[in-house]
$ cat work36.tsv   # TSV, C-alpha atoms
chain	number	residue	atom	x	y	z
L	20	MET	CA	33.62	-28.00	-22.17
L	21	PRO	CA	32.44	-26.55	-18.87
L	22	GLU	CA	30.75	-23.19	-19.09
L	23	ALA	CA	32.88	-20.26	-17.91
L	24	VAL	CA	31.86	-19.13	-14.42
L	25	LYS	CA	29.78	-15.97	-14.65
L	26	SER	CA	29.76	-13.49	-11.82
L	27	VAL	CA	27.60	-10.61	-10.69
L	28	GLU	CA	28.26	-7.71	-8.38
L	29	LEU	CA	26.19	-7.21	-5.23
L	30	GLU	CA	26.01	-3.89	-3.44
L	31	VAL	CA	24.86	-4.51	0.09
L	32	LEU	CA	23.93	-1.84	2.63
L	33	ARG	CA	25.78	-2.70	5.81
L	34	TYR	CA	25.21	-1.42	9.31
L	35	ARG	CA	27.29	-2.70	12.19
L	36	PRO	CA	26.23	-0.61	15.19
L	37	GLU	CA	29.50	-1.31	17.04
L	38	GLN	CA	31.48	-0.06	14.05
L	39	GLU	CA	29.69	2.71	12.16
L	40	ASP	CA	27.28	5.56	12.86
L	41	ALA	CA	25.40	5.22	9.59
L	42	PRO	CA	24.99	2.40	7.05
L	43	VAL	CA	27.61	2.03	4.30
L	44	TRP	CA	27.51	0.25	0.94
L	45	GLN	CA	29.80	-2.73	0.45
L	46	ARG	CA	30.47	-4.54	-2.83
L	47	TYR	CA	30.88	-8.27	-3.33
L	48	ARG	CA	31.42	-10.21	-6.55
L	49	VAL	CA	29.74	-13.61	-6.53
L	50	PRO	CA	29.53	-16.38	-9.11
L	51	TYR	CA	25.99	-17.15	-10.16
L	52	SER	CA	24.08	-19.87	-11.94
L	53	HIS	CA	20.74	-19.70	-13.75
L	54	ASP	CA	18.80	-21.02	-10.77
L	55	MET	CA	20.42	-18.85	-8.10
L	56	SER	CA	18.22	-16.70	-5.89
L	57	VAL	CA	19.37	-13.43	-4.33
L	58	LEU	CA	19.22	-15.24	-0.97
L	59	GLN	CA	21.66	-17.86	-2.28
L	60	ALA	CA	23.95	-15.10	-3.52
L	61	LEU	CA	23.97	-13.62	0.00
L	62	GLN	CA	24.59	-17.07	1.46
L	63	HIS	CA	27.58	-17.38	-0.87
L	64	VAL	CA	28.91	-14.09	0.52
L	65	LYS	CA	28.44	-15.27	4.10
L	66	ASP	CA	29.92	-18.72	3.53
L	67	GLU	CA	32.83	-17.81	1.26
L	68	LEU	CA	33.61	-14.08	1.37
L	69	ASP	CA	32.48	-12.35	4.56
L	70	GLY	CA	31.03	-14.23	7.50
L	71	SER	CA	30.08	-10.98	9.24
L	72	LEU	CA	27.21	-10.20	6.84
L	73	SER	CA	23.91	-10.62	8.69
L	74	PHE	CA	20.49	-11.42	7.22
L	75	ARG	CA	17.40	-13.44	8.13
L	76	TRP	CA	16.15	-16.45	6.24
L	77	SER	CA	14.51	-19.76	6.92
L	78	CYS	CA	12.36	-21.70	4.47
L	79	ARG	CA	13.82	-20.70	1.05
L	80	MET	CA	10.39	-21.15	-0.53
L	81	ALA	CA	8.44	-17.96	0.07
L	82	ILE	CA	6.32	-19.18	2.95
L	83	CYS	CA	8.13	-18.17	6.17
L	84	GLY	CA	8.34	-14.46	5.39
L	85	SER	CA	11.82	-14.02	6.91
L	86	CYS	CA	14.00	-12.94	3.98
L	87	GLY	CA	12.29	-9.74	2.85
L	88	MET	CA	14.66	-6.97	1.74
L	89	MET	CA	14.91	-4.11	-0.75
L	90	ILE	CA	16.30	-5.53	-3.99
L	91	ASN	CA	17.12	-2.82	-6.50
L	92	GLY	CA	14.87	-0.51	-4.50
L	93	LYS	CA	11.80	-2.78	-4.44
L	94	PRO	CA	10.58	-4.77	-1.44
L	95	ALA	CA	10.89	-8.48	-2.27
L	96	LEU	CA	11.50	-11.90	-0.75
L	97	SER	CA	15.14	-12.67	-1.60
L	98	CYS	CA	14.40	-16.41	-1.86
L	99	GLU	CA	12.01	-15.96	-4.78
L	100	THR	CA	13.96	-13.21	-6.55
L	101	PHE	CA	16.42	-14.62	-9.05
L	102	VAL	CA	19.81	-13.18	-9.95
L	103	ARG	CA	19.18	-14.00	-13.63
L	104	ASP	CA	16.35	-11.44	-13.71
L	105	LEU	CA	18.60	-8.67	-12.37
L	106	LEU	CA	21.49	-8.96	-14.83
L	107	PRO	CA	23.92	-7.46	-15.63
L	108	GLY	CA	23.85	-5.95	-12.12
L	109	PRO	CA	25.05	-4.61	-9.83
L	110	VAL	CA	22.25	-5.87	-7.59
L	111	ARG	CA	21.59	-3.36	-4.81
L	112	ILE	CA	20.40	-4.98	-1.60
L	113	GLU	CA	19.23	-3.06	1.43
L	114	ALA	CA	17.26	-3.80	4.59
L	115	LEU	CA	13.46	-3.39	4.25
L	116	ALA	CA	12.66	0.32	3.90
L	117	HIS	CA	10.83	2.28	6.63
L	118	LEU	CA	11.92	-0.14	9.38
L	119	PRO	CA	14.80	0.48	11.81
L	120	ILE	CA	17.96	-1.44	10.85
L	121	GLU	CA	19.27	-3.62	13.68
L	122	ARG	CA	22.25	-4.89	11.70
L	123	ASP	CA	22.99	-5.14	7.97
L	124	LEU	CA	19.83	-6.58	6.34
L	125	ILE	CA	18.06	-7.29	9.63
L	126	VAL	CA	15.30	-4.91	10.63
L	127	SER	CA	13.60	-4.47	13.97
L	128	VAL	CA	10.25	-6.29	14.04
L	129	ASP	CA	9.28	-5.24	17.59
L	130	GLY	CA	6.75	-2.61	16.51
L	131	PHE	CA	5.13	-4.96	14.00
L	132	VAL	CA	4.76	-7.82	16.49
L	133	LYS	CA	3.31	-5.50	19.12
L	134	LYS	CA	0.70	-4.20	16.64
L	135	LEU	CA	-0.07	-7.75	15.56
L	136	GLU	CA	-0.73	-8.80	19.15
L	137	GLY	CA	-2.91	-5.73	19.62
L	138	ILE	CA	-5.49	-6.78	17.03
L	139	LYS	CA	-6.16	-10.22	18.59
L	140	PRO	CA	-5.28	-12.14	15.43
L	141	TYR	CA	-7.34	-15.21	16.20
L	142	LEU	CA	-10.99	-16.24	16.03
L	143	ILE	CA	-13.00	-15.12	19.05
L	144	PRO	CA	-16.14	-17.29	19.11
L	145	LYS	CA	-19.49	-15.51	19.29
L	146	GLU	CA	-20.62	-17.90	22.04
L	147	PRO	CA	-19.18	-20.96	23.76
L	148	ARG	CA	-19.57	-24.05	21.64
L	149	THR	CA	-19.25	-27.69	22.57
L	150	LEU	CA	-17.55	-30.35	20.48
L	151	ALA	CA	-20.90	-32.09	20.13
L	152	GLN	CA	-22.19	-29.09	18.17
L	153	GLY	CA	-19.75	-29.95	15.42
L	154	GLU	CA	-17.65	-27.77	13.16
L	155	TYR	CA	-18.45	-24.30	11.88
L	156	LEU	CA	-19.73	-24.26	8.33
L	157	GLN	CA	-18.96	-21.53	5.82
L	158	THR	CA	-20.35	-20.88	2.39
L	159	PRO	CA	-17.87	-20.45	-0.50
L	160	GLU	CA	-18.75	-16.74	-0.50
L	161	GLN	CA	-18.05	-16.38	3.24
L	162	LEU	CA	-14.69	-18.07	2.67
L	163	GLU	CA	-13.83	-15.92	-0.33
L	164	ARG	CA	-14.41	-12.74	1.70
L	165	ILE	CA	-11.48	-13.62	3.97
L	166	GLU	CA	-9.40	-16.14	2.05
L	167	SER	CA	-6.93	-13.82	0.36
L	168	PHE	CA	-6.43	-11.81	3.57
L	169	SER	CA	-5.66	-14.98	5.51
L	170	SER	CA	-2.67	-15.69	3.23
L	171	CYS	CA	-0.48	-13.13	5.00
L	172	ILE	CA	2.94	-14.51	6.02
L	173	ASN	CA	3.98	-11.44	8.09
L	174	CYS	CA	6.93	-10.70	5.79
L	175	MET	CA	6.46	-6.93	6.18
L	176	LEU	CA	7.12	-6.15	2.50
L	177	CYS	CA	3.94	-4.05	2.58
L	178	TYR	CA	5.42	-1.93	5.38
L	179	ALA	CA	8.50	-1.31	3.24
L	180	ALA	CA	6.10	-0.29	0.44
L	181	CYS	CA	4.00	2.08	2.57
L	182	PRO	CA	5.28	5.67	2.73
L	183	GLN	CA	2.62	6.55	5.31
L	184	PHE	CA	4.14	3.97	7.65
L	185	GLY	CA	7.60	5.36	6.87
L	186	LEU	CA	6.43	8.86	7.76
L	187	ASN	CA	4.49	7.76	10.83
L	188	PRO	CA	5.72	4.49	12.42
L	189	ASP	CA	2.69	4.51	14.75
L	190	PHE	CA	0.42	3.71	11.76
L	191	ILE	CA	-0.84	0.16	12.34
L	192	GLY	CA	0.05	-0.47	8.70
L	193	PRO	CA	-1.20	-2.60	5.80
L	194	GLY	CA	-0.29	-6.14	6.93
L	195	VAL	CA	-1.73	-5.97	10.44
L	196	LEU	CA	-4.88	-4.16	9.22
L	197	ALA	CA	-5.37	-6.83	6.56
L	198	LEU	CA	-5.21	-9.49	9.28
L	199	LEU	CA	-7.58	-7.47	11.44
L	200	HIS	CA	-10.02	-7.48	8.54
L	201	ARG	CA	-9.43	-11.20	7.98
L	202	TYR	CA	-10.78	-11.93	11.48
L	203	ASN	CA	-13.42	-9.19	11.62
L	204	ASP	CA	-14.95	-10.34	8.35
L	205	ASP	CA	-14.91	-14.03	9.25
L	206	SER	CA	-18.44	-15.40	9.66
L	207	ARG	CA	-17.24	-17.51	12.62
L	208	ASP	CA	-15.77	-14.57	14.53
L	209	GLY	CA	-17.42	-12.54	17.29
L	210	GLY	CA	-14.51	-10.28	18.25
L	211	ARG	CA	-15.27	-7.37	15.94
L	212	ALA	CA	-16.19	-4.92	18.71
L	213	GLN	CA	-12.84	-5.56	20.44
L	214	ARG	CA	-10.91	-4.72	17.26
L	215	MET	CA	-12.86	-1.67	16.09
L	216	GLU	CA	-11.01	0.61	18.51
L	217	VAL	CA	-7.68	-0.13	16.79
L	218	LEU	CA	-9.28	0.25	13.38
L	219	ASN	CA	-11.07	3.52	14.15
L	220	ALA	CA	-8.00	5.28	15.58
L	221	GLU	CA	-6.09	7.82	13.54
L	222	GLU	CA	-3.23	5.29	13.48
L	223	GLY	CA	-5.76	2.75	12.20
L	224	VAL	CA	-7.28	2.85	8.73
L	225	TRP	CA	-7.38	6.66	8.60
L	226	SER	CA	-3.61	6.98	8.24
L	227	CYS	CA	-3.88	5.23	4.87
L	228	THR	CA	-3.98	7.49	1.81
L	229	ALA	CA	-4.55	4.68	-0.72
L	230	VAL	CA	-1.09	4.69	-2.26
L	231	GLY	CA	-1.75	1.03	-3.08
L	232	TYR	CA	1.87	-0.10	-3.39
L	233	CYS	CA	1.39	-2.56	-0.47
L	234	SER	CA	-0.84	-4.71	-2.67
L	235	GLU	CA	1.65	-4.56	-5.56
L	236	VAL	CA	4.57	-5.92	-3.57
L	237	CYS	CA	2.68	-8.56	-1.54
L	238	PRO	CA	4.17	-11.97	-2.43
L	239	LYS	CA	0.94	-13.71	-1.37
L	240	HIS	CA	-1.59	-11.49	-3.20
L	241	VAL	CA	-3.22	-10.49	0.08
L	242	ASP	CA	-4.28	-7.06	-1.24
L	243	PRO	CA	-3.90	-5.16	2.04
L	244	ALA	CA	-4.92	-1.89	0.35
L	245	ASN	CA	-8.36	-3.38	-0.24
L	246	ALA	CA	-8.64	-4.62	3.36
L	247	VAL	CA	-7.68	-1.20	4.75
L	248	ASN	CA	-9.94	0.79	2.45
L	249	GLN	CA	-12.96	-1.48	2.96
L	250	ASN	CA	-12.57	-0.66	6.62
L	251	LYS	CA	-12.66	3.08	6.09
L	252	VAL	CA	-16.31	2.43	5.20
L	253	ASN	CA	-16.74	0.15	8.23
L	254	SER	CA	-15.09	2.71	10.51
L	255	ALA	CA	-17.33	5.51	9.21
L	256	LYS	CA	-20.43	3.29	9.73
L	257	ASP	CA	-19.22	2.47	13.22
L	258	TYR	CA	-18.79	6.18	13.98
L	259	PHE	CA	-22.31	7.09	12.88
L	260	LEU	CA	-23.85	4.03	14.51
L	261	ARG	CA	-22.84	5.32	17.95
L	262	PHE	CA	-25.42	8.07	17.55
L	263	LEU	CA	-28.12	5.43	17.15
L	264	GLN	CA	-26.91	3.07	19.86
L	265	PRO	CA	-26.71	4.54	23.38
L	266	LYS	CA	-23.43	2.78	24.26
L	267	GLY	CA	-21.83	3.21	20.84
L	268	ALA	CA	-20.91	0.51	18.41
L	269	THR	CA	-17.41	-0.28	19.65
L	270	ARG	CA	-18.30	-1.60	23.07
A	170	MET	CA	20.21	9.08	13.39
A	171	SER	CA	21.36	6.88	16.22
A	172	HIS	CA	20.20	6.42	19.75
A	173	GLY	CA	20.68	4.11	22.71
A	174	ARG	CA	23.15	4.12	25.60
A	175	PRO	CA	26.36	6.14	25.28
A	176	GLY	CA	29.00	4.06	23.55
A	177	THR	CA	26.42	1.83	21.87
A	178	ARG	CA	24.37	2.52	18.80
A	179	GLY	CA	20.75	1.49	18.52
A	180	PRO	CA	18.79	0.53	15.43
A	181	TYR	CA	19.35	2.92	12.52
A	182	VAL	CA	16.29	4.78	11.23
A	183	ARG	CA	16.70	5.92	7.61
A	184	PRO	CA	15.42	9.38	6.66
A	185	MET	CA	12.23	9.74	4.58
A	186	ARG	CA	13.31	12.90	2.78
A	187	GLY	CA	12.49	12.69	-0.96
A	188	TRP	CA	10.63	9.36	-0.47
A	189	TRP	CA	8.24	9.95	-3.36
A	190	ARG	CA	11.07	10.09	-5.89
A	191	ARG	CA	12.36	6.65	-4.87
A	192	ASP	CA	9.92	4.60	-6.92
A	193	PRO	CA	7.92	5.33	-10.10
A	194	PHE	CA	4.87	3.98	-8.25
A	195	PHE	CA	5.17	6.80	-5.67
A	196	VAL	CA	5.60	9.36	-8.46
A	197	ARG	CA	2.34	8.15	-10.04
A	198	TYR	CA	0.66	8.38	-6.62
A	199	MET	CA	1.86	11.98	-6.22
A	200	VAL	CA	0.56	12.78	-9.72
A	201	ARG	CA	-2.85	11.41	-8.67
A	202	GLU	CA	-2.80	13.59	-5.56
A	203	ALA	CA	-1.52	16.68	-7.39
A	204	THR	CA	-4.07	16.45	-10.22
A	205	ALA	CA	-6.82	16.48	-7.59
A	206	LEU	CA	-5.94	20.18	-7.29
A	207	ALA	CA	-7.10	20.64	-10.90
A	208	VAL	CA	-10.53	19.41	-9.82
A	209	LEU	CA	-10.49	22.03	-7.06
A	210	VAL	CA	-9.41	24.83	-9.43
A	211	TYR	CA	-12.18	23.93	-11.87
A	212	ALA	CA	-14.74	23.88	-9.06
A	213	ILE	CA	-13.58	27.39	-8.07
A	214	VAL	CA	-13.92	28.64	-11.68
A	215	LEU	CA	-17.50	27.28	-11.84
A	216	THR	CA	-18.36	28.73	-8.41
A	217	VAL	CA	-17.16	32.16	-9.52
A	218	GLY	CA	-19.48	31.76	-12.54
A	219	VAL	CA	-22.46	31.11	-10.26
A	220	VAL	CA	-21.59	34.14	-8.11
A	221	ARG	CA	-21.26	36.36	-11.23
A	222	LEU	CA	-24.61	35.04	-12.50
A	223	ALA	CA	-26.24	36.14	-9.23
A	224	GLN	CA	-24.73	39.60	-9.69
A	225	GLY	CA	-26.57	40.19	-12.96
A	226	GLU	CA	-26.24	39.91	-16.72
A	227	ALA	CA	-23.28	42.28	-17.13
A	228	ALA	CA	-21.25	40.47	-14.49
A	229	PHE	CA	-22.04	37.07	-16.03
A	230	ASP	CA	-21.13	38.28	-19.54
A	231	GLY	CA	-17.81	39.53	-18.12
A	232	TRP	CA	-17.15	36.03	-16.68
A	233	LEU	CA	-18.00	34.46	-20.07
A	234	ARG	CA	-15.57	36.88	-21.82
A	235	ALA	CA	-12.86	36.01	-19.30
A	236	LEU	CA	-13.39	32.31	-20.06
A	237	ARG	CA	-12.68	32.97	-23.76
A	238	SER	CA	-9.33	34.70	-23.12
A	239	PRO	CA	-6.18	32.86	-24.30
A	240	ALA	CA	-4.94	32.51	-20.71
A	241	SER	CA	-8.25	30.90	-19.72
A	242	LEU	CA	-8.20	28.54	-22.72
A	243	LEU	CA	-4.65	27.47	-21.81
A	244	LEU	CA	-5.69	26.97	-18.17
A	245	HIS	CA	-8.67	24.86	-19.26
A	246	ALA	CA	-6.50	22.74	-21.54
A	247	VAL	CA	-4.20	22.04	-18.57
A	248	LEU	CA	-7.20	21.37	-16.29
A	249	LEU	CA	-8.79	18.99	-18.81
A	250	LEU	CA	-5.57	17.03	-19.19
A	251	SER	CA	-5.14	16.90	-15.40
A	252	MET	CA	-8.73	15.70	-14.95
A	253	VAL	CA	-8.20	12.87	-17.46
A	254	VAL	CA	-4.97	11.84	-15.70
A	255	HIS	CA	-6.73	12.07	-12.33
A	256	ALA	CA	-9.69	10.00	-13.53
A	257	HIS	CA	-7.35	7.35	-14.91
A	258	SER	CA	-5.28	7.14	-11.72
A	259	TRP	CA	-8.40	7.14	-9.57
A	260	PHE	CA	-10.12	4.35	-11.51
A	261	GLU	CA	-6.87	2.39	-11.23
A	262	ILE	CA	-7.09	2.37	-7.42
A	263	MET	CA	-10.92	2.29	-7.24
A	264	PRO	CA	-11.31	-1.53	-6.95
A	265	LYS	CA	-9.08	-1.45	-3.86
A	266	THR	CA	-11.25	1.15	-2.16
A	267	MET	CA	-14.49	-0.84	-2.46
A	268	PRO	CA	-16.01	-3.73	-0.54
A	269	ILE	CA	-15.78	-7.05	-2.34
A	270	ILE	CA	-18.77	-7.32	-4.69
A	271	PHE	CA	-20.27	-10.69	-5.48
A	272	VAL	CA	-22.30	-11.16	-8.63
A	273	GLY	CA	-23.95	-14.56	-9.00
A	274	GLY	CA	-21.74	-15.97	-6.24
A	275	ARG	CA	-18.52	-14.83	-7.96
A	276	ARG	CA	-16.24	-11.96	-7.03
A	277	LEU	CA	-16.46	-9.02	-9.42
A	278	ALA	CA	-13.08	-8.55	-11.14
A	279	ALA	CA	-11.08	-5.35	-10.56
A	280	ARG	CA	-10.98	-4.73	-14.31
A	281	THR	CA	-14.78	-4.79	-14.51
A	282	ILE	CA	-15.01	-2.13	-11.78
A	283	GLN	CA	-12.45	0.04	-13.60
A	284	ARG	CA	-14.34	-0.32	-16.89
A	285	ALA	CA	-17.60	0.58	-15.16
A	286	GLY	CA	-15.92	3.76	-13.92
A	287	TRP	CA	-14.83	4.72	-17.43
A	288	ALA	CA	-18.24	3.80	-18.87
A	289	ALA	CA	-19.91	6.13	-16.35
A	290	THR	CA	-17.43	8.90	-17.25
A	291	VAL	CA	-18.12	8.53	-20.96
A	292	ALA	CA	-21.90	8.40	-20.41
A	293	VAL	CA	-21.89	11.57	-18.26
A	294	THR	CA	-19.63	13.37	-20.76
A	295	VAL	CA	-21.96	12.51	-23.64
A	296	VAL	CA	-25.01	13.69	-21.67
A	297	VAL	CA	-23.28	16.99	-20.76
A	298	PHE	CA	-22.27	17.63	-24.39
A	299	ALA	CA	-25.77	16.75	-25.60
A	300	LEU	CA	-27.32	19.16	-23.07
A	301	ALA	CA	-24.85	21.90	-24.04
A	302	LEU	CA	-25.61	21.47	-27.76
A	303	TRP	CA	-29.37	21.36	-27.07
A	304	ALA	CA	-29.14	24.55	-24.94
A	305	ARG	CA	-27.33	26.38	-27.78
A	306	GLY	CA	-30.23	25.39	-30.04

$ encode --input "work36.tsv" --output "structure tokens"
Amino acid sequence: MPEAVKSVELEVLRYRPEQEDAPVWQRYRVPYSHDMSVLQALQHVKDELDGSLSFRWSCRMAICGSCGMMINGKPALSCETFVRDLLPGPVRIEALAHLPIERDLIVSVDGFVKKLEGIKPYLIPKEPRTLAQGEYLQTPEQLERIESFSSCINCMLCYAACPQFGLNPDFIGPGVLALLHRYNDDSRDGGRAQRMEVLNAEEGVWSCTAVGYCSEVCPKHVDPANAVNQNKVNSAKDYFLRFLQPKGATR
Amino acid sequence: MSHGRPGTRGPYVRPMRGWWRRDPFFVRYMVREATALAVLVYAIVLTVGVVRLAQGEAAFDGWLRALRSPASLLLHAVLLLSMVVHAHSWFEIMPKTMPIIFVGGRRLAARTIQRAGWAATVAVTVVVFALALWARG
């Protein structure tokens, strides 16, 4: 005998700028199976119940970083959050906290992308190197110093977890600062001086008050809180070094 | 809040009011921050003691008597509890505030750093109690 179809209620925060001044909650009842993710539940809504519901998604396997949202108040990737773990519901779904809502579950990423560009998130070689010189070599320890921080997928869950970013959107924020550290601490990189200005600013590491929730919610175990707080030490060293070096340590 | 051209609405920015009540994690963070005030209060109490000591024996004895009052004992019970909570919450975040430490080529685990913090706390407490007992003779 086929199993009776079970269903769960979703409460989704909707914002259609052409229609309403402020977001409103809307309820949907969707059938679910044991292996259904919250993303699939939303796709069911869009395909079968209400085609106007907007949300981002791409890979469905927690690597593209597109489908982050608040699920029952916690920042999470909807593709790796399962309906079965949220029973009996209702499951409350809202756009990522602290970020401006463009439409429904879609947030504005403009500020994040601009900050990301600002830190030069790529290796800047110390000196020109020819192919004939071969590849860069790293010790396991040199790799371990940066490996976890290089796992960032730019999903912005850490921004939704950071009240300091919510209170001050100019704060560079956990994800971008973790990537800044990932390049600054790379033994192959020579671009540290170019990035210290961002790091030393009040909107840099000093806006962090070590809440630590960013590291809790990170789906890739990047530990941005550690990256940011390590750099409070680096920033303080940089500040005092300028008294020893005539031109300062940043330039 | 909405902005943008008249007749159109821009991205919606949600208010932050009451943010720290939204998640138990934020409540624990606020407890860590609030209990730091207990450390400050205790530092003030001790500073007053030093000032009274400089003012002479009578003044210092008055400070000692004040410490033994029921109100002071209650305050110190609250301060002690707050300090323990603060220490716990601080050691919890401590591994995230430190550079990565390598011992024998391996990364030192967060739990080891937290335990080291508690071990240092216990050691200092024992030394302080031992000194206090020794001073009383």

$ atom_distance --input "work36.tsv" --atom1 "CA of Leu142 (chain L)" --atom2 "CA of Gly87 (chain L)"
27.5 Å

$ residues_around --input "work36.tsv" --residues "Tyr181 (chain A)" --least-positions-apart "6" --cutoff "10 Å" --atoms "only C-alpha atoms" --output "list in words"
Tyr34, Arg35, Pro36, Asp40, Ala41, Pro42, Leu118, Pro119, Ile120, Glu121, Arg122, Asp123, Val126 and Ser127 of chain L; Met170, Ser171 and His172 of chain A

$ closest_atom_pairs --input "work36.tsv" --of "chain L" --to "chain A" --cutoff "10 Å" --atoms "all atoms listed in the file" --output "CSV"
residue,atom,partner,partner_atom,distance
L:Tyr34,CA,A:Tyr181,CA,8.0
L:Arg35,CA,A:Arg178,CA,8.9
L:Pro36,CA,A:Arg178,CA,5.1
L:Glu37,CA,A:Thr177,CA,6.5
L:Gln38,CA,A:Arg178,CA,8.9
L:Glu39,CA,A:Arg178,CA,8.5
L:Asp40,CA,A:Ser171,CA,6.9
L:Ala41,CA,A:Tyr181,CA,7.1
L:Pro42,CA,A:Tyr181,CA,7.9
L:Gly92,CA,A:Asp192,CA,7.5
L:Lys93,CA,A:Asp192,CA,8.0
L:Ala116,CA,A:Arg183,CA,7.8
L:His117,CA,A:Arg183,CA,7.0
L:Leu118,CA,A:Val182,CA,6.8
L:Pro119,CA,A:Val182,CA,4.6
L:Ile120,CA,A:Tyr181,CA,4.9
L:Glu121,CA,A:Pro180,CA,4.5
L:Arg122,CA,A:Pro180,CA,7.4
L:Asp123,CA,A:Tyr181,CA,9.9
L:Ile125,CA,A:Pro180,CA,9.8
L:Val126,CA,A:Pro180,CA,8.1
L:Ser127,CA,A:Pro180,CA,7.4
L:Pro159,CA,A:Gly274,CA,8.2
L:Glu160,CA,A:Gly274,CA,6.5
L:Glu163,CA,A:Arg276,CA,8.1
L:Arg164,CA,A:Ile269,CA,7.1
L:Ala180,CA,A:Phe195,CA,9.4
L:Cys181,CA,A:Phe195,CA,9.6
L:Pro182,CA,A:Trp188,CA,7.2
L:Gly185,CA,A:Met185,CA,6.8
L:Leu186,CA,A:Met185,CA,6.7
L:Thr228,CA,A:Glu202,CA,9.6
L:Ala229,CA,A:Ile262,CA,7.5
L:Val230,CA,A:Tyr198,CA,6.0
L:Gly231,CA,A:Ile262,CA,7.0
L:Tyr232,CA,A:Phe194,CA,7.0
L:Ser234,CA,A:Lys265,CA,8.9
L:Glu235,CA,A:Phe194,CA,9.5
L:Asp242,CA,A:Lys265,CA,7.8
L:Pro243,CA,A:Lys265,CA,8.7
L:Ala244,CA,A:Lys265,CA,5.9
L:Asn245,CA,A:Lys265,CA,4.2
L:Ala246,CA,A:Lys265,CA,7.9
L:Val247,CA,A:Thr266,CA,8.1
L:Asn248,CA,A:Thr266,CA,4.8
L:Gln249,CA,A:Pro268,CA,5.2
L:Asn250,CA,A:Pro268,CA,8.5
L:Lys251,CA,A:Thr266,CA,8.6
L:Val252,CA,A:Pro268,CA,8.4
L:Asn253,CA,A:Pro268,CA,9.6

$ atom_distance --input "work36.tsv" --atom1 "CA of Arg207 (chain L)" --atom2 "CA of Ala151 (chain L)"
16.8 Å

$ residues_around --input "work36.tsv" --residues "region 254-257 of chain L" --least-positions-apart "2" --cutoff "12 Å" --atoms "all atoms listed in the file" --output "count of residues only"
31

$ atom_distance --input "work36.tsv" --atom1 "CA of Ser167 (chain L)" --atom2 "CA of Asp129 (chain L)"
25.2 Å

$ residues_around --input "work36.tsv" --residues "Ile90 (chain L)" --least-positions-apart "2" --cutoff "9 Å" --atoms "only C-alpha atoms" --output "list of chain:residue names"
L:Val57, L:Gly87, L:Met88, L:Gly92, L:Lys93, L:Pro94, L:Ala95, L:Leu96, L:Ser97, L:Thr100, L:Val110, L:Arg111, L:Ile112, L:Glu113, L:Ala114, L:Leu115

$ closest_residue --input "work36.tsv" --among "L:Gly192, L:Arg48, L:Asp204, L:Asp66" --to "Cys227 (chain L)" --atoms "only C-alpha atoms"
L:Gly192

$ closest_residue --input "work36.tsv" --among "A:Val219, A:Ala246, A:Ala301, A:Val272" --to "Ala207 (chain A)" --atoms "only C-alpha atoms"
A:Ala246

$ closest_residue --input "work36.tsv" --among "L:Pro140, L:Ile165, L:Gly194, L:Trp76" --to "Tyr178 (chain L)" --atoms "all atoms listed in the file"
L:Gly194

$ residues_near_point --input "work36.tsv" --point "(-2.3, -9.5, 20.6)" --cutoff "12 Å" --atoms "all atoms listed in the file" --output "list in words"
Phe131, Val132, Lys133, Lys134, Leu135, Glu136, Gly137, Ile138, Lys139, Pro140, Tyr141, Leu142, Val195, Leu198, Leu199, Gln213, Arg214 and Val217 of chain L

$ residues_around --input "work36.tsv" --residues "Ala205 (chain A)" --least-positions-apart "3" --cutoff "12 Å" --atoms "only C-alpha atoms" --output "JSON, numbers by chain"
{"A": [198, 199, 200, 201, 202, 208, 209, 210, 211, 212, 248, 249, 250, 251, 252, 253, 254, 255, 256, 257, 258, 259]}

$ decode --input "work36.tsv" --residues "region 55-63 of chain L" --atoms "N, CA and C atoms" --output "PDB file, in the first residue's frame"
ATOM      1  N   MET L  55      13.752  15.247   1.076  1.00  0.00           N
ATOM      2  CA  MET L  55      13.484  16.552   0.469  1.00  0.00           C
ATOM      3  C   MET L  55      14.190  17.681   1.220  1.00  0.00           C
ATOM      4  N   SER L  56      14.924  18.498   0.455  1.00  0.00           N
ATOM      5  CA  SER L  56      15.578  19.657   1.064  1.00  0.00           C
ATOM      6  C   SER L  56      14.599  20.831   1.093  1.00  0.00           C
ATOM      7  N   VAL L  57      14.941  21.847   1.881  1.00  0.00           N
ATOM      8  CA  VAL L  57      14.101  23.047   1.928  1.00  0.00           C
ATOM      9  C   VAL L  57      14.076  23.702   0.547  1.00  0.00           C
ATOM     10  N   LEU L  58      15.208  23.636  -0.177  1.00  0.00           N
ATOM     11  CA  LEU L  58      15.250  24.186  -1.529  1.00  0.00           C
ATOM     12  C   LEU L  58      14.229  23.483  -2.424  1.00  0.00           C
ATOM     13  N   GLN L  59      14.166  22.141  -2.305  1.00  0.00           N
ATOM     14  CA  GLN L  59      13.199  21.392  -3.120  1.00  0.00           C
ATOM     15  C   GLN L  59      11.761  21.756  -2.748  1.00  0.00           C
ATOM     16  N   ALA L  60      11.538  22.019  -1.455  1.00  0.00           N
ATOM     17  CA  ALA L  60      10.199  22.426  -1.027  1.00  0.00           C
ATOM     18  C   ALA L  60       9.826  23.758  -1.686  1.00  0.00           C
ATOM     19  N   LEU L  61      10.801  24.675  -1.744  1.00  0.00           N
ATOM     20  CA  LEU L  61      10.547  25.972  -2.393  1.00  0.00           C
ATOM     21  C   LEU L  61      10.334  25.794  -3.898  1.00  0.00           C
ATOM     22  N   GLN L  62      11.103  24.856  -4.489  1.00  0.00           N
ATOM     23  CA  GLN L  62      10.931  24.599  -5.920  1.00  0.00           C
ATOM     24  C   GLN L  62       9.545  24.020  -6.198  1.00  0.00           C
ATOM     25  N   HIS L  63       9.040  23.216  -5.254  1.00  0.00           N
ATOM     26  CA  HIS L  63       7.681  22.695  -5.395  1.00  0.00           C
ATOM     27  C   HIS L  63       6.678  23.847  -5.399  1.00  0.00           C
TER      28      HIS L  63
END
